[in-house]
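Dropping input-v1.txt in here (compact mmCIF, C-alpha atoms):
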# COMPACT_ATOMS: atom_id res chain seq x y z
CA MET A 1320 0.00 0.00 0.00
CA ASP A 1321 1.45 3.36 -1.00
CA LYS A 1322 0.91 6.23 1.37
CA GLN A 1323 1.46 9.95 1.18
CA ASN A 1324 0.94 12.49 3.91
CA SER A 1325 -1.11 15.51 2.97
CA GLN A 1326 0.19 19.04 3.53
CA PRO A 1327 0.53 19.88 7.23
CA PHE A 1328 -2.54 21.12 9.06
CA ARG A 1329 -2.47 24.47 10.81
CA ASN A 1330 -3.09 22.59 14.03
CA LYS A 1331 -0.17 20.19 14.38
CA LEU A 1332 -2.25 17.85 16.50
CA SER A 1333 -4.52 17.04 13.55
CA LYS A 1334 -3.66 13.91 11.61
CA ARG A 1335 -4.46 12.60 8.14
CA ILE A 1336 -3.28 9.65 6.06
CA ILE A 1337 -3.96 9.08 2.37
CA CYS A 1338 -3.74 5.52 1.05
CA THR A 1339 -3.52 3.75 -2.29
CA PRO A 1340 -4.89 0.21 -1.88
CA SER A 1341 -3.18 -2.74 -3.46
CA PRO A 1342 -5.00 -4.63 -6.25
CA ALA A 1343 -5.58 -7.48 -3.80
CA ALA A 1344 -7.22 -5.12 -1.32
CA LYS A 1345 -9.49 -3.68 -4.00
CA ASP A 1346 -10.60 -7.17 -4.99
CA THR A 1347 -10.93 -8.63 -1.52
CA PHE A 1348 -11.32 -6.10 1.29
CA PHE A 1349 -12.96 -2.93 2.38
CA TYR A 1350 -10.14 -0.43 2.00
CA VAL A 1351 -9.44 3.07 3.27
CA GLN A 1352 -8.68 5.92 0.88
CA GLU A 1353 -8.21 8.58 3.52
CA ALA A 1354 -8.49 8.72 7.29
CA ALA A 1355 -8.25 11.74 9.53
CA ASN A 1356 -8.57 13.15 13.00
CA ILE A 1357 -9.45 16.82 12.48
CA LYS A 1358 -8.99 19.15 15.42
CA PRO A 1359 -11.14 22.28 15.97
CA ASP A 1360 -8.59 24.70 14.45
CA ASP A 1361 -8.81 22.76 11.17
CA SER A 1362 -12.57 22.37 11.01
CA ASP A 1363 -12.86 24.23 7.68
CA CYS A 1364 -11.43 21.42 5.56
CA ASN A 1365 -11.66 20.50 1.90
CA GLN A 1366 -14.66 18.37 0.94
CA PRO A 1367 -14.09 16.73 -2.47
CA GLN A 1368 -17.24 15.99 -4.47
CA ASN A 1369 -18.44 13.21 -6.79
CA LEU A 1370 -15.95 10.67 -5.51
CA ASP A 1371 -16.12 6.92 -5.96
CA SER A 1372 -16.04 6.67 -2.19
CA PHE A 1373 -18.08 6.55 1.00
CA LEU A 1374 -17.51 8.80 3.99
CA PHE A 1375 -17.97 7.71 7.59
CA ALA A 1376 -17.50 10.55 10.09
CA ALA A 1377 -17.88 10.93 13.85
CA VAL A 1378 -18.17 14.09 15.96
CA VAL A 1379 -15.74 13.78 18.88
CA SER A 1380 -16.55 17.20 20.32
CA GLY A 1381 -18.23 20.46 19.34
CA LYS A 1382 -21.10 20.99 16.91
CA GLY A 1383 -21.74 21.28 13.19
CA GLU A 1384 -24.13 20.72 10.34
CA LEU A 1385 -24.46 18.28 7.43
CA LEU A 1386 -26.23 19.26 4.22
CA ILE A 1387 -27.07 16.41 1.82
CA GLY A 1388 -29.80 15.71 -0.70
CA GLY A 1389 -31.88 18.70 0.35
CA ASP A 1390 -31.76 17.66 4.01
CA SER A 1391 -30.03 19.49 6.83
CA PHE A 1392 -28.86 17.76 9.99
CA SER A 1393 -27.57 19.36 13.18
CA LEU A 1394 -24.64 17.40 14.57
CA ASN A 1395 -23.45 17.24 18.15
CA LYS A 1396 -20.83 15.38 20.13
CA GLY A 1397 -21.45 11.63 19.77
CA ASP A 1398 -23.24 11.87 16.42
CA CYS A 1399 -22.02 10.08 13.28
CA PHE A 1400 -22.88 10.25 9.63
CA MET A 1401 -22.29 8.13 6.54
CA ILE A 1402 -22.72 9.33 2.97
CA ASP A 1403 -22.24 8.20 -0.61
CA CYS A 1404 -19.78 10.73 -2.02
CA HIS A 1405 -21.47 10.69 -5.43
CA THR A 1406 -24.27 12.65 -3.74
CA PRO A 1407 -23.66 16.40 -3.38
CA TYR A 1408 -22.96 17.16 0.26
CA ARG A 1409 -21.41 19.72 2.55
CA PHE A 1410 -20.61 19.70 6.23
CA LYS A 1411 -19.46 22.62 8.33
CA SER A 1412 -18.38 23.23 11.89
CA SER A 1413 -20.11 25.56 14.32
CA VAL A 1414 -18.29 28.88 14.61
CA LYS A 1415 -19.08 29.20 18.31
CA ASP A 1416 -18.35 25.58 19.19
CA PRO A 1417 -15.99 24.16 16.52
CA TRP A 1418 -15.89 20.44 16.27
CA GLU A 1419 -13.29 17.71 16.31
CA LEU A 1420 -13.97 15.00 13.72
CA LEU A 1421 -12.82 11.50 13.01
CA TRP A 1422 -13.44 10.29 9.47
CA ILE A 1423 -12.58 7.71 6.87
CA TYR A 1424 -13.18 7.73 3.14
CA PHE A 1425 -13.49 4.08 2.16
CA ASN A 1426 -14.63 1.71 -0.55
CA GLY A 1427 -14.75 -2.01 -1.33
CA SER A 1428 -16.57 -4.50 -3.50
CA THR A 1429 -19.73 -4.54 -1.34
CA SER A 1430 -19.62 -0.97 0.00
CA GLN A 1431 -22.52 0.14 -2.18
CA GLN A 1432 -24.69 -2.74 -0.97
CA TYR A 1433 -23.89 -1.92 2.66
CA TYR A 1434 -24.70 1.73 2.08
CA ASN A 1435 -27.95 0.98 0.25
CA TYR A 1436 -29.08 -1.21 3.15
CA PHE A 1437 -28.04 1.44 5.67
CA ILE A 1438 -29.86 4.30 3.95
CA SER A 1439 -33.00 2.20 3.39
CA HIS A 1440 -33.34 1.81 7.15
CA SER A 1441 -31.96 5.10 8.41
CA LYS A 1442 -31.10 8.70 7.69
CA ASN A 1443 -27.51 9.67 6.99
CA VAL A 1444 -27.02 10.79 10.61
CA PHE A 1445 -27.19 8.42 13.57
CA THR A 1446 -26.12 8.27 17.20
CA PRO A 1447 -24.41 4.98 18.17
CA SER A 1448 -24.79 3.48 21.61
CA SER A 1449 -21.03 3.00 21.94
CA PHE A 1450 -19.11 5.95 20.51
CA ASP A 1451 -15.88 4.63 22.03
CA LYS A 1452 -15.91 1.67 19.62
CA ILE A 1453 -16.07 4.05 16.68
CA SER A 1454 -13.26 6.22 18.01
CA TYR A 1455 -11.10 3.16 18.59
CA ALA A 1456 -11.73 1.74 15.11
CA VAL A 1457 -10.87 4.97 13.28
CA MET A 1458 -7.78 5.62 15.42
CA GLU A 1459 -6.62 2.05 14.78
CA ILE A 1460 -7.06 2.57 11.05
CA LEU A 1461 -4.93 5.72 11.30
CA SER A 1462 -2.27 3.97 13.32
CA LEU A 1463 -2.10 0.81 11.20
CA ASN A 1464 -1.64 2.73 7.97
CA GLU A 1465 0.67 5.34 9.41
CA LEU A 1466 3.06 2.71 10.74
CA ASN A 1467 3.04 0.59 7.56
CA ASP A 1468 1.85 -2.48 9.46
CA PRO A 1469 2.29 -5.50 7.13
CA ASN A 1470 -1.27 -6.59 7.92
CA ALA A 1471 -2.69 -3.08 7.59
CA GLU A 1472 -5.07 -3.81 4.72
CA ALA A 1473 -6.68 -6.89 6.27
CA LEU A 1474 -6.95 -5.27 9.71
CA THR A 1475 -8.26 -2.02 8.22
CA SER A 1476 -10.98 -4.01 6.48
CA GLN A 1477 -11.91 -5.61 9.79
CA HIS A 1478 -12.28 -2.20 11.44
CA ILE A 1479 -14.37 -0.85 8.55
CA VAL A 1480 -16.72 -3.83 8.88
CA GLU A 1481 -17.08 -2.99 12.58
CA LEU A 1482 -17.95 0.62 11.74
CA LEU A 1483 -20.51 -0.49 9.18
CA THR A 1484 -22.05 -2.94 11.61
CA ILE A 1485 -22.43 -0.20 14.21
CA ALA A 1486 -24.10 2.03 11.60
CA LEU A 1487 -26.47 -0.72 10.47
CA THR A 1488 -27.56 -1.52 14.03
CA ALA A 1489 -27.68 2.04 15.38
CA ASN A 1490 -31.46 2.32 15.18
CA SER A 1491 -32.03 -0.70 17.37
CA SER A 1492 -29.34 0.50 19.77
CA LYS A 1493 -31.17 3.82 20.14
CA GLN A 1494 -34.39 1.93 20.92
CA LYS A 1495 -36.14 3.94 18.26
CA TYR A 1496 -39.37 2.07 18.74
CA ASP A 1497 -41.36 2.19 21.94
CA SER A 1498 -40.93 -0.76 24.25
CA ALA A 1499 -44.57 -1.89 24.07
CA LEU A 1500 -44.44 -2.14 20.29
CA LYS A 1501 -41.06 -3.85 20.32
CA GLN A 1502 -42.29 -6.38 22.85
CA LYS A 1503 -45.40 -7.12 20.79
CA LEU A 1504 -43.45 -7.55 17.55
CA SER A 1505 -40.89 -9.72 19.31
CA SER A 1506 -43.77 -11.92 20.41
CA VAL A 1507 -44.95 -12.16 16.80
CA HIS A 1508 -41.41 -13.01 15.71
CA ASN A 1509 -41.07 -15.73 18.33
CA TYR A 1510 -44.51 -17.11 17.48
CA ILE A 1511 -43.48 -17.54 13.86
CA ASN A 1512 -40.26 -19.29 14.92
CA GLU A 1513 -42.27 -21.77 16.96
CA HIS A 1514 -45.26 -22.26 14.61
CA PHE A 1515 -43.80 -21.77 11.11
CA ALA A 1516 -44.98 -25.22 10.00
CA GLU A 1517 -48.59 -24.29 10.75
CA ASP A 1518 -50.96 -22.24 8.61
CA ILE A 1519 -50.03 -18.67 9.59
CA SER A 1520 -51.83 -15.74 8.02
CA LEU A 1521 -51.55 -12.01 8.49
CA GLU A 1522 -55.19 -11.93 9.57
CA MET A 1523 -54.54 -14.53 12.26
CA LEU A 1524 -51.48 -12.69 13.61
CA SER A 1525 -53.36 -9.40 13.60
CA SER A 1526 -56.19 -10.92 15.61
CA GLU A 1527 -53.93 -12.92 17.95
CA PHE A 1528 -51.72 -9.97 18.88
CA TYR A 1529 -54.31 -7.18 18.69
CA ILE A 1530 -52.54 -5.08 16.07
CA SER A 1531 -53.79 -3.82 12.70
CA LYS A 1532 -52.57 -5.67 9.61
CA PHE A 1533 -51.20 -2.50 8.05
CA TYR A 1534 -49.29 -1.46 11.18
CA LEU A 1535 -48.02 -5.00 11.78
CA THR A 1536 -46.78 -5.33 8.20
CA ARG A 1537 -45.03 -1.97 8.16
CA GLU A 1538 -43.42 -2.05 11.60
CA TYR A 1539 -42.37 -5.70 11.42
CA LYS A 1540 -40.35 -5.06 8.29
CA ARG A 1541 -38.82 -1.89 9.72
CA ILE A 1542 -37.60 -3.68 12.85
CA PHE A 1543 -36.65 -7.11 11.48
CA GLY A 1544 -35.64 -6.14 7.95
CA MET A 1545 -37.93 -8.69 6.28
CA THR A 1546 -41.63 -9.20 5.72
CA ILE A 1547 -43.63 -11.68 7.77
CA PHE A 1548 -43.99 -13.87 4.68
CA GLN A 1549 -40.21 -13.84 4.14
CA HIS A 1550 -39.67 -14.84 7.78
CA ILE A 1551 -42.09 -17.76 7.51
CA ILE A 1552 -40.50 -19.02 4.28
CA THR A 1553 -36.99 -18.64 5.70
CA ALA A 1554 -37.90 -20.57 8.86
CA ARG A 1555 -39.43 -23.35 6.77
CA ILE A 1556 -36.43 -23.56 4.44
CA ASN A 1557 -34.05 -23.71 7.41
CA TYR A 1558 -36.00 -26.60 8.90
CA GLY A 1559 -36.09 -28.28 5.50
CA LYS A 1560 -32.31 -28.04 5.24
CA LYS A 1561 -31.99 -29.67 8.65
CA LEU A 1562 -34.24 -32.56 7.64
CA LEU A 1563 -32.47 -33.03 4.30
CA ARG A 1564 -29.14 -33.31 6.08
CA PHE A 1565 -30.04 -35.31 9.16
CA SER A 1566 -32.96 -37.52 8.12
CA ASP A 1567 -33.79 -39.93 5.33
CA LYS A 1568 -37.30 -38.60 4.80
CA SER A 1569 -38.45 -37.96 1.25
CA VAL A 1570 -38.70 -34.45 -0.15
CA GLU A 1571 -42.48 -34.78 -0.15
CA GLU A 1572 -42.51 -35.70 3.56
CA ILE A 1573 -40.12 -32.87 4.37
CA ALA A 1574 -42.22 -30.35 2.46
CA HIS A 1575 -45.29 -31.21 4.56
CA MET A 1576 -43.31 -31.22 7.80
CA CYS A 1577 -42.07 -27.70 6.98
CA GLY A 1578 -45.56 -26.39 6.36
CA PHE A 1579 -45.70 -26.57 2.56
CA ASN A 1580 -48.83 -28.27 1.23
CA ASP A 1581 -47.32 -28.47 -2.23
CA GLN A 1582 -44.01 -30.29 -2.74
CA SER A 1583 -43.28 -28.44 -5.99
CA TYR A 1584 -43.74 -25.07 -4.25
CA PHE A 1585 -41.32 -26.15 -1.53
CA ALA A 1586 -38.85 -27.22 -4.20
CA ARG A 1587 -39.13 -23.85 -5.98
CA GLN A 1588 -38.68 -21.87 -2.78
CA PHE A 1589 -35.75 -24.05 -1.74
CA LYS A 1590 -33.94 -23.59 -5.04
CA LYS A 1591 -34.61 -19.84 -4.95
CA ALA A 1592 -33.02 -19.64 -1.49
CA GLU A 1593 -30.09 -22.02 -2.01
CA ASN A 1594 -29.58 -22.03 -5.78
CA LEU A 1595 -29.62 -25.82 -5.43
CA THR A 1596 -32.32 -28.46 -5.73
CA CYS A 1597 -33.28 -30.34 -2.58
CA PHE A 1598 -31.54 -33.46 -3.87
CA ALA A 1599 -28.36 -31.57 -4.81
CA TYR A 1600 -28.30 -29.92 -1.37
CA ARG A 1601 -28.68 -33.27 0.39
CA LYS A 1602 -25.94 -34.84 -1.71
CA LYS A 1603 -23.58 -31.90 -1.23
CA TRP A 1604 -23.90 -31.84 2.55
CA ARG A 1605 -24.05 -35.57 3.18
CA ASP A 1606 -21.47 -37.04 0.79
Final structure tokens representation of the file:
Amino acid sequence: MDKQNSQPFRNKLSKRIICTPSPAAKDTFFYVQEAANIKPDDSDCNQPQNLDSFLFAAVVSGKGELLIGGDSFSLNKGDCFMIDCHTPYRFKSSVKDPWELLWIYFNGSTSQQYYNYFISHSKNVFTPSSFDKISYAVMEILSLNELNDPNAEALTSQHIVELLTIALTANSSKQKYDSALKQKLSSVHNYINEHFAEDISLEMLSSEFYISKFYLTREYKRIFGMTIFQHIITARINYGKKLLRFSDKSVEEIAHMCGFNDQSYFARQFKKAENLTCFAYRKKWRD
């Protein structure tokens, strides 16, 4: 990995590294393009536009503002944001209470997919439950690449995955949904796990748990990231895989035990999920 320090900051305590990933890193890992710890005296920093990159930033202290896609977000100590740098954006520090920032510009083969999932469940700005983990990850990325650690690219990728995981789970960490609703939807989720082989309908769940079908459908997907139908099918396929591997029952028997009345429908759903037929799956995992 080739590295080049940028021109010195006015505040000598600020730090920035710029990296050129190896071909192997581009093919295999998440990789960092730039990482920085920006102190308050350097808060007015260059913000390149239309980059093939993603920016993850964290406010260590002070205040500021993010402008992106027509939205404006006020940022305070402990807030983070993630953006696709193809989207026009601008962030600026408060004049009265200038901020200190940690950031990384990063990319990788699945970065766009991670970002798309993140933005479909959240706004660009979020507040993690454990800011210390974010600070540690970014500072480790700075240190690894500054010291030319031989394992820098692999370890950097590991830290980026941790940052992305924190971003993707921030909403649940903030307990965005009220406890009564979360408890009710958790009960629905557990009910499906226990009764997936039975005839479960949205109408039945709505009546059983005293919640409207529309509200149940919308909120269930928002919290669990899948529809009720997708959860039922996934639970049935998982049980089918277990029976294919650890029993000698026929595919027709297994289909009925999983809750499918039609063997051919089970076979279609199984192949859609595994990209293998039931017989090919059994052979692959048992031979």
Scan for residues within 10 Å of the point (-11.0, -3.6, 15.6) in the coordinates of the file, using only C-alpha atoms, and reply as a PDB file with C-alpha atoms, in the coordinates of the input.
ATOM      1  CA  LYS A1452     -15.910   1.670  19.620  1.00  0.00           C
ATOM      2  CA  ILE A1453     -16.070   4.050  16.680  1.00  0.00           C
ATOM      3  CA  TYR A1455     -11.100   3.160  18.590  1.00  0.00           C
ATOM      4  CA  ALA A1456     -11.730   1.740  15.110  1.00  0.00           C
ATOM      5  CA  VAL A1457     -10.870   4.970  13.280  1.00  0.00           C
ATOM      6  CA  MET A1458      -7.780   5.620  15.420  1.00  0.00           C
ATOM      7  CA  GLU A1459      -6.620   2.050  14.780  1.00  0.00           C
ATOM      8  CA  ILE A1460      -7.060   2.570  11.050  1.00  0.00           C
ATOM      9  CA  LEU A1474      -6.950  -5.270   9.710  1.00  0.00           C
ATOM     10  CA  THR A1475      -8.260  -2.020   8.220  1.00  0.00           C
ATOM     11  CA  SER A1476     -10.980  -4.010   6.480  1.00  0.00           C
ATOM     12  CA  GLN A1477     -11.910  -5.610   9.790  1.00  0.00           C
ATOM     13  CA  HIS A1478     -12.280  -2.200  11.440  1.00  0.00           C
ATOM     14  CA  ILE A1479     -14.370  -0.850   8.550  1.00  0.00           C
ATOM     15  CA  VAL A1480     -16.720  -3.830   8.880  1.00  0.00           C
ATOM     16  CA  GLU A1481     -17.080  -2.990  12.580  1.00  0.00           C
ATOM     17  CA  LEU A1482     -17.950   0.620  11.740  1.00  0.00           C
TER      18      LEU A1482
END
Counting all atoms listed in the file, the residue of A:Ala1574, A:Val1444, A:Leu1535, A:Ile1530 that sits nearest Phe1400 in chain A: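 The shortest atom-to-atom distance to Phe1400 in chain A comes from A:Val1444.
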Nearest-residue call for Ser1525 in chain A, choices A:Cys1404, A:Ala1471, A:Leu1466, A:Val1507, using all atoms listed in the file: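 Using all atoms listed in the file, the shortest distance to Ser1525 in chain A belongs to A:Val1507.
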Could you give me, as a short mmCIF file (atom, residue, chain, number, x, y, z; two decimals) with C-alpha atoms, keeping the file's coordinate frame, the residues within 6 Å of Phe1375 in chain A, counting all atoms listed in the file and dropping anything in the same chain fewer than 2 positions from it?
data_model
loop_
_atom_site.label_atom_id
_atom_site.label_comp_id
_atom_site.auth_asym_id
_atom_site.auth_seq_id
_atom_site.Cartn_x
_atom_site.Cartn_y
_atom_site.Cartn_z
CA PHE A 1400 -22.88 10.25 9.63
CA MET A 1401 -22.29 8.13 6.54
CA TRP A 1422 -13.44 10.29 9.47
CA ILE A 1423 -12.58 7.71 6.87
#
Neighbour residues at most 12 Å from (-51.9, -13.4, 12.2) (only C-alpha atoms) as a ChimeraX atom specification: /A:1504,1506-1508,1510-1511,1514-1515,1517-1533,1535-1536,1547-1548,1551
Test item: residues at most 6 Å from Asn1426 in chain A, all atoms listed in the file, excluding those fewer than 6 positions along its chain, as a list in words: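 Everything that qualifies: Phe1349, Tyr1350 and Ser1372 of chain A.
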